[in-house]
Amino acid sequence: MAQLWGGRFTKETDQLVYNFNASISFDKKFYKQDMEGSIAHVKMLGKQGILTEQEMNDIVKTIHEILTEVEEGKLEISHEYEDIHSFVEATLIDRLGDTGKKLHTGRSRNDQVALDMRLYTRQEVLAVDELLKELLNAILTIMENNTDTFMPGFTHLQKAQPVTLAHHVGAYFEMFKRDRLRLKDIYHRMNYCPLGSGALAGTTYPLDRDYTAELLGFYGPTLNSMDGVSDRDYLIEFLSAMSTIMMHLSRFSEEVIIWNSNEYQFVEIDDAYSTGSSIMPQKKNPDIAELVRGKTGRVYGALTALLTTMKGIPLAYNKDMQEDKELTFDAMDTVKGCIALFTGMLETMKFNKDKMEASAKNGFTNATDAADYLVNHGVPFRDAHGIVGRIVLYCIDKGISIDDMSLEELKEISPVFEEDIFEAISMDTCVNKRLTIGAPGQEAMKKVIAIEKDYLSKDWKDELTDWESKLMK
Ligand code: ARG
């Protein structure tokens, strides 16, 4: 047991209590952020004359050494310490003696952990955004190559109207694009520095919180020290965005699973992204898509857990908040893994265009267009709907599709039909005459693809400052 605080205690902590309380097994994940935060803090203490220049330089240099040794695997983050903060401070004191003992001047673990978690999450916001961008690029490639690949569009999982593969996957493009916008919003809202909030009421040292914030790439300091140490809203927003990403991935996975089924055969998942059965030799299972769908529940669980943990916490810091870490780390890692794997699966997946087109041609996906034809020839829509309904019934009875009927057969049901009906209900017309922006018609799709290409050529992350190499140089 290695603790920072034994002074006012007369007894050793019970070992079980110690284990229950300790967080090093998971907060070691942000060892780097903890040390970066300490470097910024010490540089500020030096600038303010709270530490001498010598003390500042010695501490900064030693933290750099500790960081390098940890990264190179030469120094192990030992679980004998209560948390990562204690590990860093104790190691520093080991090496620097009394000077090391000054690191924690004007700081509490409450504002320290608030900072570390924020720095770590901020980095993950960028990492998830980057993975989403790669996924969007993969989707855009499919769109560009398939503006003329017909497939059935569904409602109620029943064939409805024909669309194209470009149009169908284009819907997912919009979803993941909105997910990126959410991440950008979260980044801007969370990007304020809690360090300097102290335990809850700030400190009497003349800290320069603006300076610390600037060193760490924040827009500025948080404006209420009690809120600074106890705000976890940004994590809830982050987990909500992660849940929405998973919901989108899960819907897409569900479609891939259906498309990959023996009945549909719209796609073939690459061998590298499929698995076999231990008993049934013929099987090639869409496990990746199923796992992505399955892991969605786990990420929702993290959001629900944190919302529930936070709801009863009075101001300011309470130990309950330690619970924010494991579930957030798990959600981040899960989402990153799912996006990366899903992107790989998509990039290697084969689309059976013939099967998709054949499927689009049967199932009366052109019934609406047949009714529209009648409307264009003066039949009120409600009557046209009834006429085409009767045609569908006739076709079902004969086991044919509308295109297979002769003009005579059609005329028997409505004399309005003429030879040009066949062109009017052809797949090409049904899709490519739908030209309002957002519709599947090829010309409309091409306009959208150009807009999305332009969107992907810019990245909001390029505007962020490179605080890290400046701080660490
Ligand atoms: N491990 C703690 C956490 O994750 C760090 C803050 C500890 N502060 C305290 N007053 N015990 O929240």
# chains A, B, ... in the order shown; residues from 1 in each chain; ligands from 1

call {"tool": "residues_near_ligand", "arguments": {"ligand": "ligand 1", "cutoff": "6 Å", "atoms": "only C-alpha atoms and all ligand atoms", "output": "PDB file with N, CA, C and O atoms, in the first residue's frame"}}
result
ATOM      1  N   SER A  23      -7.472   2.810  -7.812  1.00  0.00           N
ATOM      2  CA  SER A  23      -7.895   2.951  -9.216  1.00  0.00           C
ATOM      3  C   SER A  23      -6.742   2.766 -10.197  1.00  0.00           C
ATOM      4  O   SER A  23      -6.920   2.901 -11.403  1.00  0.00           O
ATOM      5  N   ASP A  83      -3.193   5.189  -7.079  1.00  0.00           N
ATOM      6  CA  ASP A  83      -3.662   5.659  -8.384  1.00  0.00           C
ATOM      7  C   ASP A  83      -2.468   6.182  -9.175  1.00  0.00           C
ATOM      8  O   ASP A  83      -1.353   6.272  -8.663  1.00  0.00           O
ATOM      9  N   ARG A 109      -6.026  16.182  -6.078  1.00  0.00           N
ATOM     10  CA  ARG A 109      -6.268  15.102  -7.035  1.00  0.00           C
ATOM     11  C   ARG A 109      -7.629  15.285  -7.712  1.00  0.00           C
ATOM     12  O   ARG A 109      -7.882  14.730  -8.771  1.00  0.00           O
ATOM     13  N   ASN A 110      -8.498  16.087  -7.065  1.00  0.00           N
ATOM     14  CA  ASN A 110      -9.821  16.288  -7.671  1.00  0.00           C
ATOM     15  C   ASN A 110      -9.739  17.055  -8.985  1.00  0.00           C
ATOM     16  O   ASN A 110     -10.354  16.678  -9.978  1.00  0.00           O
ATOM     17  N   VAL A 113      -7.522  14.797 -11.524  1.00  0.00           N
ATOM     18  CA  VAL A 113      -8.189  13.701 -12.240  1.00  0.00           C
ATOM     19  C   VAL A 113      -9.197  14.260 -13.242  1.00  0.00           C
ATOM     20  O   VAL A 113      -9.392  13.706 -14.329  1.00  0.00           O
ATOM     21  N   LYS A 319     -16.430  10.286  -4.454  1.00  0.00           N
ATOM     22  CA  LYS A 319     -15.666   9.170  -5.008  1.00  0.00           C
ATOM     23  C   LYS A 319     -16.441   8.375  -6.050  1.00  0.00           C
ATOM     24  O   LYS A 319     -15.854   7.657  -6.855  1.00  0.00           O
ATOM     25  N   MET A 321     -17.462   9.312  -8.588  1.00  0.00           N
ATOM     26  CA  MET A 321     -17.016   9.752  -9.919  1.00  0.00           C
ATOM     27  C   MET A 321     -15.863   8.925 -10.471  1.00  0.00           C
ATOM     28  O   MET A 321     -15.610   8.938 -11.668  1.00  0.00           O
ATOM     29  N   GLN A 322     -15.186   8.225  -9.593  1.00  0.00           N
ATOM     30  CA  GLN A 322     -14.128   7.328 -10.054  1.00  0.00           C
ATOM     31  C   GLN A 322     -14.698   6.281 -11.019  1.00  0.00           C
ATOM     32  O   GLN A 322     -13.983   5.739 -11.856  1.00  0.00           O
TER      33      GLN A 322
END

call {"tool": "closest_atom_pairs", "arguments": {"of": "range 240-328 of chain A", "to": "range 184-194 of chain A", "cutoff": "12 Å", "atoms": "only C-alpha atoms", "output": "tab-separated table"}}
result
residue	atom	partner	partner_atom	distance
A:Ser240	CA	A:Ile186	CA	10.4
A:Ala241	CA	A:Ile186	CA	8.8
A:Met242	CA	A:Ile186	CA	11.4

call {"tool": "write_last_selection", "arguments": {"atoms": "C-alpha atoms", "output": "mmCIF file, in the first residue's frame"}}
result
data_model
loop_
_atom_site.group_PDB
_atom_site.id
_atom_site.type_symbol
_atom_site.label_atom_id
_atom_site.label_comp_id
_atom_site.auth_asym_id
_atom_site.auth_seq_id
_atom_site.Cartn_x
_atom_site.Cartn_y
_atom_site.Cartn_z
ATOM 1 C CA SER A 240 -24.219 9.486 -25.997
ATOM 2 C CA ALA A 241 -22.350 10.184 -29.245
ATOM 3 C CA MET A 242 -20.627 6.771 -28.937
#

call {"tool": "closest_residue", "arguments": {"among": "A:Val17, A:Ile425, A:Leu303, A:Met349", "to": "Val388 in chain A", "atoms": "only C-alpha atoms"}}
result
A:Ile425

call {"tool": "select_by_dssp", "arguments": {"residues": "range 169-400 of chain A", "states": "strand (DSSP E)", "output": "JSON, numbers by chain"}}
result
{"A": [192, 193, 220, 221, 267, 268, 350, 351]}

call {"tool": "atom_distance", "arguments": {"atom1": "CA of Leu327 in chain A", "atom2": "CA of Ala305 in chain A"}}
result
8.0 Å

call {"tool": "decode", "arguments": {"residues": "range 417-432 of chain A", "atoms": "all heavy atoms", "output": "CSV table (one decimal), in the first residue's frame"}}
result
chain,number,residue,atom,x,y,z
A,417,PHE,N,-53.9,3.0,-70.5
A,417,PHE,CA,-52.5,2.5,-70.7
A,417,PHE,C,-52.2,2.5,-72.2
A,417,PHE,O,-53.1,2.1,-73.1
A,417,PHE,CB,-52.3,1.1,-70.2
A,417,PHE,CG,-52.2,1.0,-68.7
A,417,PHE,CD1,-53.1,0.3,-68.0
A,417,PHE,CD2,-51.1,1.7,-68.1
A,417,PHE,CE1,-53.0,0.3,-66.6
A,417,PHE,CE2,-51.0,1.6,-66.7
A,417,PHE,CZ,-51.9,0.9,-65.9
A,418,GLU,N,-51.0,3.0,-72.6
A,418,GLU,CA,-50.6,2.9,-74.0
A,418,GLU,C,-49.2,2.3,-74.0
A,418,GLU,O,-48.6,2.0,-72.9
A,418,GLU,CB,-50.5,4.3,-74.6
A,418,GLU,CG,-51.9,5.0,-74.8
A,418,GLU,CD,-52.8,4.3,-75.7
A,418,GLU,OE1,-52.4,3.4,-76.5
A,418,GLU,OE2,-54.1,4.6,-75.7
A,419,GLU,N,-48.6,2.1,-75.2
A,419,GLU,CA,-47.3,1.5,-75.3
A,419,GLU,C,-46.2,2.1,-74.4
A,419,GLU,O,-45.4,1.4,-73.9
A,419,GLU,CB,-46.9,1.5,-76.8
A,419,GLU,CG,-45.7,0.7,-77.2
A,419,GLU,CD,-46.0,-0.8,-77.0
A,419,GLU,OE1,-47.0,-1.4,-77.2
A,419,GLU,OE2,-45.0,-1.5,-76.4
A,420,ASP,N,-46.3,3.4,-74.2
A,420,ASP,CA,-45.2,4.1,-73.5
A,420,ASP,C,-45.2,3.7,-72.0
A,420,ASP,O,-44.3,4.1,-71.2
A,420,ASP,CB,-45.3,5.6,-73.6
A,420,ASP,CG,-46.6,6.2,-73.2
A,420,ASP,OD1,-47.6,5.4,-72.9
A,420,ASP,OD2,-46.7,7.4,-73.2
A,421,ILE,N,-46.2,2.9,-71.5
A,421,ILE,CA,-46.2,2.5,-70.1
A,421,ILE,C,-45.0,1.7,-69.8
A,421,ILE,O,-44.4,1.8,-68.7
A,421,ILE,CB,-47.5,1.7,-69.8
A,421,ILE,CG1,-47.5,1.1,-68.3
A,421,ILE,CG2,-47.7,0.5,-70.7
A,421,ILE,CD1,-47.4,2.1,-67.2
A,422,PHE,N,-44.5,0.9,-70.8
A,422,PHE,CA,-43.4,0.0,-70.5
A,422,PHE,C,-42.1,0.8,-70.2
A,422,PHE,O,-41.3,0.5,-69.3
A,422,PHE,CB,-43.2,-1.0,-71.6
A,422,PHE,CG,-44.4,-1.9,-71.7
A,422,PHE,CD1,-45.3,-1.8,-72.7
A,422,PHE,CD2,-44.6,-2.9,-70.7
A,422,PHE,CE1,-46.4,-2.6,-72.8
A,422,PHE,CE2,-45.7,-3.7,-70.8
A,422,PHE,CZ,-46.6,-3.6,-71.8
A,423,GLU,N,-42.0,1.9,-70.9
A,423,GLU,CA,-40.8,2.8,-70.6
A,423,GLU,C,-41.0,3.5,-69.3
A,423,GLU,O,-40.1,3.6,-68.5
A,423,GLU,CB,-40.6,3.8,-71.7
A,423,GLU,CG,-39.2,4.2,-71.9
A,423,GLU,CD,-39.0,5.7,-71.9
A,423,GLU,OE1,-39.5,6.4,-72.7
A,423,GLU,OE2,-38.3,6.1,-70.9
A,424,ALA,N,-42.2,3.9,-69.0
A,424,ALA,CA,-42.5,4.6,-67.8
A,424,ALA,C,-42.3,3.8,-66.5
A,424,ALA,O,-42.0,4.4,-65.5
A,424,ALA,CB,-44.0,5.1,-67.8
A,425,ILE,N,-42.4,2.5,-66.6
A,425,ILE,CA,-42.2,1.7,-65.4
A,425,ILE,C,-40.9,0.9,-65.5
A,425,ILE,O,-40.7,-0.1,-64.7
A,425,ILE,CB,-43.4,0.7,-65.2
A,425,ILE,CG1,-43.6,-0.3,-66.3
A,425,ILE,CG2,-44.7,1.5,-64.8
A,425,ILE,CD1,-44.6,-1.4,-66.0
A,426,SER,N,-40.1,1.2,-66.5
A,426,SER,CA,-38.8,0.5,-66.5
A,426,SER,C,-37.9,0.9,-65.3
A,426,SER,O,-38.1,2.0,-64.7
A,426,SER,CB,-38.0,0.8,-67.8
A,426,SER,OG,-37.5,2.2,-67.7
A,427,MET,N,-37.0,0.0,-64.9
A,427,MET,CA,-36.1,0.3,-63.8
A,427,MET,C,-35.4,1.6,-63.9
A,427,MET,O,-35.3,2.4,-63.0
A,427,MET,CB,-35.1,-0.9,-63.7
A,427,MET,CG,-34.3,-0.9,-62.4
A,427,MET,SD,-35.2,-1.1,-60.9
A,427,MET,CE,-36.1,-2.5,-61.3
A,428,ASP,N,-34.9,1.8,-65.2
A,428,ASP,CA,-34.2,3.0,-65.4
A,428,ASP,C,-35.0,4.3,-65.1
A,428,ASP,O,-34.5,5.2,-64.5
A,428,ASP,CB,-33.7,3.0,-66.9
A,428,ASP,CG,-32.7,4.1,-67.1
A,428,ASP,OD1,-31.7,4.2,-66.4
A,428,ASP,OD2,-32.9,5.0,-68.0
A,429,THR,N,-36.3,4.3,-65.6
A,429,THR,CA,-37.1,5.4,-65.4
A,429,THR,C,-37.4,5.6,-63.9
A,429,THR,O,-37.3,6.7,-63.3
A,429,THR,CB,-38.4,5.3,-66.2
A,429,THR,OG1,-38.2,5.0,-67.5
A,429,THR,CG2,-39.3,6.5,-66.0
A,430,CYS,N,-37.8,4.4,-63.3
A,430,CYS,CA,-38.2,4.5,-61.9
A,430,CYS,C,-37.1,5.1,-61.0
A,430,CYS,O,-37.4,5.8,-60.1
A,430,CYS,CB,-38.5,3.1,-61.4
A,430,CYS,SG,-40.0,2.4,-62.0
A,431,VAL,N,-35.8,4.8,-61.3
A,431,VAL,CA,-34.8,5.3,-60.5
A,431,VAL,C,-34.3,6.7,-61.0
A,431,VAL,O,-34.3,7.7,-60.3
A,431,VAL,CB,-33.6,4.4,-60.5
A,431,VAL,CG1,-32.4,5.0,-59.8
A,431,VAL,CG2,-34.0,3.1,-59.8
A,432,ASN,N,-34.0,6.8,-62.3
A,432,ASN,CA,-33.3,7.9,-62.8
A,432,ASN,C,-34.1,9.1,-63.1
A,432,ASN,O,-33.6,10.2,-63.3
A,432,ASN,CB,-32.4,7.5,-64.0
A,432,ASN,CG,-31.2,6.7,-63.5
A,432,ASN,OD1,-30.7,6.9,-62.4
A,432,ASN,ND2,-30.8,5.7,-64.3
